[in-house]
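Data block for structure.txt (compact mmCIF, C-alpha atoms):
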# COMPACT_ATOMS: atom_id res chain seq x y z
CA MET Y 1 96.15 67.49 58.32
CA PRO Y 2 92.39 67.45 58.89
CA CYS Y 3 91.44 65.37 61.92
CA SER Y 4 90.06 61.87 61.48
CA ILE Y 5 86.63 62.64 62.90
CA GLU Y 6 86.10 65.53 60.46
CA SER Y 7 87.11 63.35 57.52
CA LEU Y 8 84.90 60.53 58.77
CA LYS Y 9 82.01 62.97 59.03
CA LYS Y 10 82.59 64.12 55.43
CA LEU Y 11 82.47 60.52 54.19
CA ALA Y 12 79.25 59.91 56.12
CA LEU Y 13 77.70 63.05 54.62
CA LEU Y 14 78.69 61.82 51.17
CA GLY Y 15 76.61 58.69 51.79
CA ALA Y 16 79.16 56.20 53.14
CA ALA Y 17 77.20 55.79 56.37
CA ASP Y 18 74.30 54.20 54.52
CA ASP Y 19 75.91 52.62 51.48
CA CYS Y 20 79.17 52.02 49.65
CA ILE Y 21 80.44 55.10 47.81
CA LYS Y 22 83.08 55.40 45.12
CA ILE Y 23 85.54 58.26 45.47
CA SER Y 24 89.16 59.01 44.53
CA SER Y 25 91.72 60.71 46.75
CA SER Y 26 91.75 63.70 44.42
CA GLU Y 27 87.96 64.00 44.66
CA PHE Y 28 88.13 63.73 48.45
CA THR Y 29 90.54 66.69 48.59
CA GLU Y 30 87.66 68.97 47.55
CA HIS Y 31 85.79 68.03 50.71
CA ILE Y 32 88.64 68.31 53.22
CA SER Y 33 90.70 71.15 51.65
CA SER Y 34 94.00 69.28 51.53
CA SER Y 35 96.38 67.77 49.01
CA SER Y 36 95.71 64.49 47.24
CA LYS Y 37 98.56 62.82 49.16
CA THR Y 38 97.10 64.00 52.47
CA ALA Y 39 93.66 62.73 51.49
CA ALA Y 40 95.15 59.34 50.63
CA ARG Y 41 96.93 59.17 54.02
CA ILE Y 42 93.70 60.06 55.84
CA LEU Y 43 91.71 57.37 54.07
CA LYS Y 44 94.47 54.83 54.77
CA LYS Y 45 94.49 55.81 58.46
CA LEU Y 46 90.70 55.57 58.77
CA ASN Y 47 90.86 52.11 57.23
CA GLU Y 48 93.65 51.00 59.59
CA GLU Y 49 91.60 52.20 62.57
CA ASN Y 50 88.63 50.14 61.31
CA LEU Y 51 86.51 53.27 60.97
CA ILE Y 52 85.92 52.61 57.28
CA ASN Y 53 86.09 49.67 54.92
CA ARG Y 54 88.13 50.59 51.85
CA GLU Y 55 88.63 48.70 48.60
CA ILE Y 56 90.99 50.06 45.96
CA VAL Y 57 89.57 49.87 42.43
CA GLN Y 58 90.87 51.00 39.07
CA ASP Y 59 89.67 54.60 39.17
CA GLY Y 60 89.11 55.23 42.86
CA GLN Y 61 88.14 53.61 46.15
CA LEU Y 62 84.99 51.95 47.42
CA ILE Y 63 84.33 53.18 50.94
CA THR Y 64 81.80 52.31 53.65
CA VAL Y 65 81.75 53.63 57.22
CA THR Y 66 82.00 50.68 59.62
CA GLU Y 67 79.89 50.14 62.71
CA GLN Y 68 82.88 51.28 64.77
CA GLY Y 69 83.03 54.43 62.66
CA LEU Y 70 79.32 55.07 63.18
CA LYS Y 71 79.79 54.67 66.93
CA LYS Y 72 82.57 57.27 66.86
CA LEU Y 73 80.25 59.67 65.03
CA ARG Y 74 77.42 59.00 67.50
CA ASP Y 75 79.77 59.74 70.40
CA GLU Y 76 80.75 63.01 68.74
CA TYR Y 77 77.07 63.86 68.21
CA ALA Y 78 76.33 63.19 71.88
CA ASP Y 79 79.15 65.56 72.89
CA TYR Y 80 77.70 68.34 70.73
CA GLN Y 81 74.28 67.71 72.24
CA ARG Y 82 75.71 68.25 75.71
CA ILE Y 83 77.33 71.51 74.56
CA PHE Y 84 74.48 73.09 72.64
CA GLU Y 85 71.18 71.56 73.73
CA ASN Y 86 69.11 72.69 76.67
CA GLU Y 87 70.64 70.85 79.61
CA SER Y 88 67.21 70.46 81.22
CA ASP Y 89 65.77 68.40 78.37
CA ILE Y 90 66.44 65.03 76.83
CA GLU Y 91 64.48 63.89 73.81
CA LEU Y 92 63.98 60.25 72.88
CA TYR Y 93 62.29 59.11 69.67
CA GLY Y 94 60.80 55.72 69.06
CA TYR Y 95 58.01 53.69 67.53
CA VAL Y 96 54.94 52.23 69.20
CA VAL Y 97 55.06 48.43 69.39
CA ASN Y 98 52.94 45.67 70.86
CA GLY Y 99 53.89 44.60 74.37
CA LEU Y 100 53.63 41.23 76.08
CA GLY Y 101 50.61 42.27 78.11
CA GLU Y 102 52.50 42.06 81.40
CA GLY Y 103 52.34 45.78 82.18
CA LYS Y 104 48.68 45.69 83.20
CA TYR Y 105 49.32 42.91 85.70
CA TYR Y 106 52.24 44.58 87.43
CA ILE Y 107 50.78 48.09 87.50
CA ASN Y 108 47.64 46.78 89.21
CA LEU Y 109 49.60 45.19 92.06
CA ASP Y 110 48.95 47.25 95.19
CA GLY Y 111 52.64 47.19 96.13
CA TYR Y 112 53.51 49.05 92.94
CA LYS Y 113 50.33 51.00 92.31
CA LYS Y 114 50.43 52.84 95.64
CA GLN Y 115 54.04 53.84 95.08
CA PHE Y 116 53.25 55.17 91.62
CA GLU Y 117 50.41 57.23 93.07
CA ASN Y 118 52.50 58.61 95.95
CA LYS Y 119 55.71 59.23 94.07
CA LEU Y 120 54.50 60.20 90.59
CA ASN Y 121 51.35 62.01 91.73
CA PHE Y 122 49.03 60.19 89.36
CA THR Y 123 47.12 56.92 89.26
CA PRO Y 124 48.45 55.00 86.26
CA TYR Y 125 46.15 53.59 83.64
CA PRO Y 126 46.36 49.78 83.93
CA GLY Y 127 48.61 49.18 80.97
CA THR Y 128 51.81 50.47 79.41
CA LEU Y 129 52.70 52.12 76.14
CA ASN Y 130 55.61 50.17 74.65
CA VAL Y 131 58.08 52.14 72.56
CA CYS Y 132 61.03 50.74 70.63
CA LEU Y 133 63.69 53.42 70.34
CA ALA Y 134 64.79 54.65 66.92
CA ASN Y 135 68.42 53.89 66.08
CA TYR Y 136 69.44 57.53 66.49
CA SER Y 137 68.00 57.60 70.04
CA LYS Y 138 69.65 54.45 71.34
CA HIS Y 139 72.80 56.33 72.29
CA THR Y 140 70.77 59.05 74.01
CA ARG Y 141 69.04 56.28 76.01
CA GLU Y 142 72.28 55.87 77.97
CA LYS Y 143 71.74 59.34 79.48
CA LEU Y 144 68.88 57.92 81.51
CA GLU Y 145 71.40 56.25 83.79
CA GLU Y 146 72.86 59.68 84.58
CA LEU Y 147 69.52 61.16 85.67
CA PRO Y 148 68.11 61.01 89.19
CA ALA Y 149 65.29 58.49 89.26
CA THR Y 150 62.17 57.93 91.32
CA GLN Y 151 62.90 54.67 93.12
CA ILE Y 152 60.23 51.97 93.26
CA LYS Y 153 60.81 49.43 96.02
CA GLY Y 154 60.23 45.73 95.64
CA PHE Y 155 57.90 43.81 97.92
CA THR Y 156 56.51 40.36 98.67
CA ASP Y 157 52.90 39.25 98.79
CA GLY Y 158 53.68 36.20 100.90
CA GLU Y 159 54.03 33.93 97.89
CA ARG Y 160 56.03 35.87 95.33
CA THR Y 161 58.75 38.46 95.55
CA PHE Y 162 58.56 41.44 93.20
CA GLY Y 163 61.72 43.36 92.36
CA ASN Y 164 62.81 46.97 92.58
CA GLY Y 165 62.48 49.44 89.75
CA LYS Y 166 62.84 53.09 88.92
CA CYS Y 167 60.86 55.71 87.06
CA TYR Y 168 61.76 58.76 85.02
CA LYS Y 169 59.13 61.45 84.70
CA ALA Y 170 58.45 62.38 81.10
CA ILE Y 171 56.03 64.12 78.76
CA ILE Y 172 54.46 62.84 75.52
CA GLU Y 173 52.50 65.49 73.64
CA ASN Y 174 51.87 67.48 76.84
CA ILE Y 175 50.65 64.41 78.73
CA GLU Y 176 52.44 63.62 81.98
CA CYS Y 177 53.85 60.11 82.06
CA ALA Y 178 56.81 58.09 83.30
CA ILE Y 179 59.28 55.58 81.90
CA VAL Y 180 59.41 52.48 84.10
CA LEU Y 181 62.64 50.47 84.23
CA PRO Y 182 62.48 47.24 86.24
CA SER Y 183 65.76 46.30 87.91
CA ARG Y 184 65.41 42.80 86.55
CA SER Y 185 63.89 42.59 83.11
CA HIS Y 186 64.12 40.41 80.03
CA TYR Y 187 63.23 43.42 77.87
CA PRO Y 188 65.99 44.77 75.58
CA SER Y 189 67.45 48.17 76.51
CA ASP Y 190 65.92 49.86 73.44
CA LEU Y 191 62.37 48.95 74.53
CA LEU Y 192 60.69 51.37 76.94
CA GLU Y 193 57.54 50.82 79.02
CA ILE Y 194 55.64 54.03 79.71
CA ILE Y 195 52.85 54.59 82.21
CA ALA Y 196 50.44 57.53 82.30
CA PRO Y 197 47.17 58.53 83.98
CA VAL Y 198 45.41 57.86 80.65
CA ASN Y 199 45.47 55.23 77.92
CA LEU Y 200 48.11 56.86 75.72
CA ARG Y 201 47.26 54.74 72.71
CA LYS Y 202 43.64 55.87 72.70
CA LYS Y 203 44.23 59.43 73.88
CA LEU Y 204 46.81 60.13 71.17
CA ASN Y 205 45.30 57.77 68.59
CA LEU Y 206 48.51 55.77 68.33
CA ASN Y 207 48.97 52.60 66.32
CA ASP Y 208 51.87 50.20 66.06
CA GLY Y 209 54.66 51.80 64.04
CA ASP Y 210 53.69 55.40 64.87
CA GLU Y 211 56.60 57.59 65.95
CA VAL Y 212 56.50 59.32 69.33
CA LYS Y 213 58.74 61.87 71.01
CA ILE Y 214 59.42 61.40 74.71
CA LEU Y 215 60.64 64.48 76.55
CA LEU Y 216 62.46 63.98 79.84
CA LYS Y 217 63.27 66.72 82.27
CA GLN Y 218 66.73 66.49 83.81
CA ASN Y 219 65.42 68.21 86.91
CA ASN Y 220 63.62 65.01 87.90
CA HIS Y 221 63.93 64.76 91.65
CA LYS Y 222 64.78 61.57 93.45
CA HIS Y 223 62.09 60.30 95.70
CA PRO Y 224 63.10 58.25 98.73

Show me this structure written as C-alpha cells.
Amino acid sequence: MPCSIESLKKLALLGAADDCIKISSSEFTEHISSSSKTAARILKKLNEENLINREIVQDGQLITVTEQGLKKLRDEYADYQRIFENESDIELYGYVVNGLGEGKYYINLDGYKKQFENKLNFTPYPGTLNVCLANYSKHTREKLEELPATQIKGFTDGERTFGNGKCYKAIIENIECAIVLPSRSHYPSDLLEIIAPVNLRKKLNLNDGDEVKILLKQNNHKHP
C-alpha cells in the first residue's frame, strides 16, 4: 500500500492544498497505482488521522488537506532540503513591510552600536529593513535556532536596562547584512529586522510588498 505521505502529496498536487477537490477512489487509483479498494482505505486513513477533510458525495468525495496535513508536508519538505540542498546555505523569502520605527533608536544606542561594529565588522545604517516571511519560509525560519549566532550583550545606561540579542550574518542581493533577534521582543516570529551598512530600502529600491531573498551562511561563527 502506498505510504500516507505520498498519497497526501498527490492530493496536494491535485489542488487539495489550496481548495476543495472532487475525486473518486477509482480516479485516485490512477495517481497512486493501486486498486480502488486500496485507494479508499488510504483516503479513509488520511481522514482518520486528520490529514484531510473528506465528505462523501453521490459520485465521489470532496477532499481538502487540513492544516495538520500541510504541516506534515512542510516537515517532509524540510527533510528533503536537508538532504539535497547546500548545507552551507539557508534561503528565506519574505515581503518588505513597514516597521514601528524603533530600530533606529536601538541601533543608535552606543551599547549596541559598538558591538555591531566590532562583531559584524560594519557600522549599521540607523534603521532596519523589516521583512515579513512568506508562508513557505516560516518553517525554514526555525533553522535559525540551530545556527551559531553572534551574541549581543545587554547593558544599562544608569536609568534603563537593555536586553540581550543575537545576530545572524546574511546577504541580500550581494549586500552584507545581519538579522537581529532581540531576546525579548513583542514582534511575531515571522517578522525579521535586518541591519546593514546601507539603507537597504533606498539602495535596492524596495517598497512595501516587494519580495526579498535573504541568504544565510551556516558557517556563521559565534562571537564571544

Exercise. Determine the nearest neighbour of Lys153 of chain Y from the options Y:Lys45, Y:Lys22, Y:Lys114, Y:Lys203, counting all atoms listed in the file.
Key: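 Of Y:Lys45, Y:Lys22, Y:Lys114, Y:Lys203, the one nearest Lys153 of chain Y, counting all atoms listed in the file, is Y:Lys114.
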
Give me, as a CSV table (one decimal) with C-alpha atoms, in the frame of the given file, all polymer residues having an atom no more than 8 Å from Ser36 of chain Y, counting only C-alpha atoms and skipping those fewer than 4 positions away in the same chain.
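Contents of part-v6.csv, as written:
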chain,number,residue,atom,x,y,z
Y,25,SER,CA,91.7,60.7,46.8
Y,26,SER,CA,91.8,63.7,44.4
Y,28,PHE,CA,88.1,63.7,48.4
Y,29,THR,CA,90.5,66.7,48.6
Y,40,ALA,CA,95.2,59.3,50.6

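Residue nearest Glu55 of chain Y, chosen from Y:Glu27, Y:Leu70, Y:Cys20, Y:Leu206 and counting only C-alpha atoms: Y:Cys20.
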
Leaving out Ser24 of chain Y and any residue of its chain fewer than 4 positions from it, which residues lie within 7 Å of it when counting only C-alpha atoms, given as a PDB file with C-alpha atoms, in the coordinates of the input?
ATOM      1  CA  PHE Y  28      88.130  63.730  48.450  1.00  0.00           C
ATOM      2  CA  ASP Y  59      89.670  54.600  39.170  1.00  0.00           C
ATOM      3  CA  GLY Y  60      89.110  55.230  42.860  1.00  0.00           C
ATOM      4  CA  GLN Y  61      88.140  53.610  46.150  1.00  0.00           C
TER       5      GLN Y  61
END

Pick out the residues sitting within 12 Å of Glu67 of chain Y, and hand them over as a CSV table (one decimal) with C-alpha atoms, in the frame of the given file; count all atoms listed in the file, and ignore anything fewer than 2 positions along from it in its own chain.
chain,number,residue,atom,x,y,z
Y,12,ALA,CA,79.2,59.9,56.1
Y,16,ALA,CA,79.2,56.2,53.1
Y,17,ALA,CA,77.2,55.8,56.4
Y,18,ASP,CA,74.3,54.2,54.5
Y,49,GLU,CA,91.6,52.2,62.6
Y,50,ASN,CA,88.6,50.1,61.3
Y,51,LEU,CA,86.5,53.3,61.0
Y,52,ILE,CA,85.9,52.6,57.3
Y,53,ASN,CA,86.1,49.7,54.9
Y,64,THR,CA,81.8,52.3,53.6
Y,65,VAL,CA,81.8,53.6,57.2
Y,69,GLY,CA,83.0,54.4,62.7
Y,70,LEU,CA,79.3,55.1,63.2
Y,71,LYS,CA,79.8,54.7,66.9
Y,72,LYS,CA,82.6,57.3,66.9
Y,73,LEU,CA,80.2,59.7,65.0
Y,74,ARG,CA,77.4,59.0,67.5

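Close contacts of Leu200 of chain Y, defined as residues with an atom at most 9 Å away when counting only C-alpha atoms, with chain neighbours fewer than 6 positions off set aside, comprise Tyr125, Thr128, Leu129, Ile172, Ile175, Ile194 and Leu206 of chain Y.
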
Quiz item: What is the distance between atom CA of Ala149 of chain Y and atom CA of Gly165 of chain Y, in Å to one decimal?
Solution: 9.5 Å

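Among the candidate residues Y:Asp210, Y:Glu91, Y:Glu193, Y:Asp79, the one lying nearest to Val180 of chain Y is Y:Glu193, with distances computed using all atoms listed in the file.
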
Practice problem: Determine, counting all atoms listed in the file, which protein, DNA and RNA residues have an atom within 7 Å of an atom of Asn130 of chain Y; residues of the same chain fewer than 5 positions away are not included. Present the result as an NGL selection string. | Solution: :Y and (96-99 or 191-194)

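Distances from Y:Ala196, Y:Ala170, Y:Leu147, Y:Ile63 to Leu14 of chain Y were compared using all atoms listed in the file, and the smallest one belongs to Y:Ile63.
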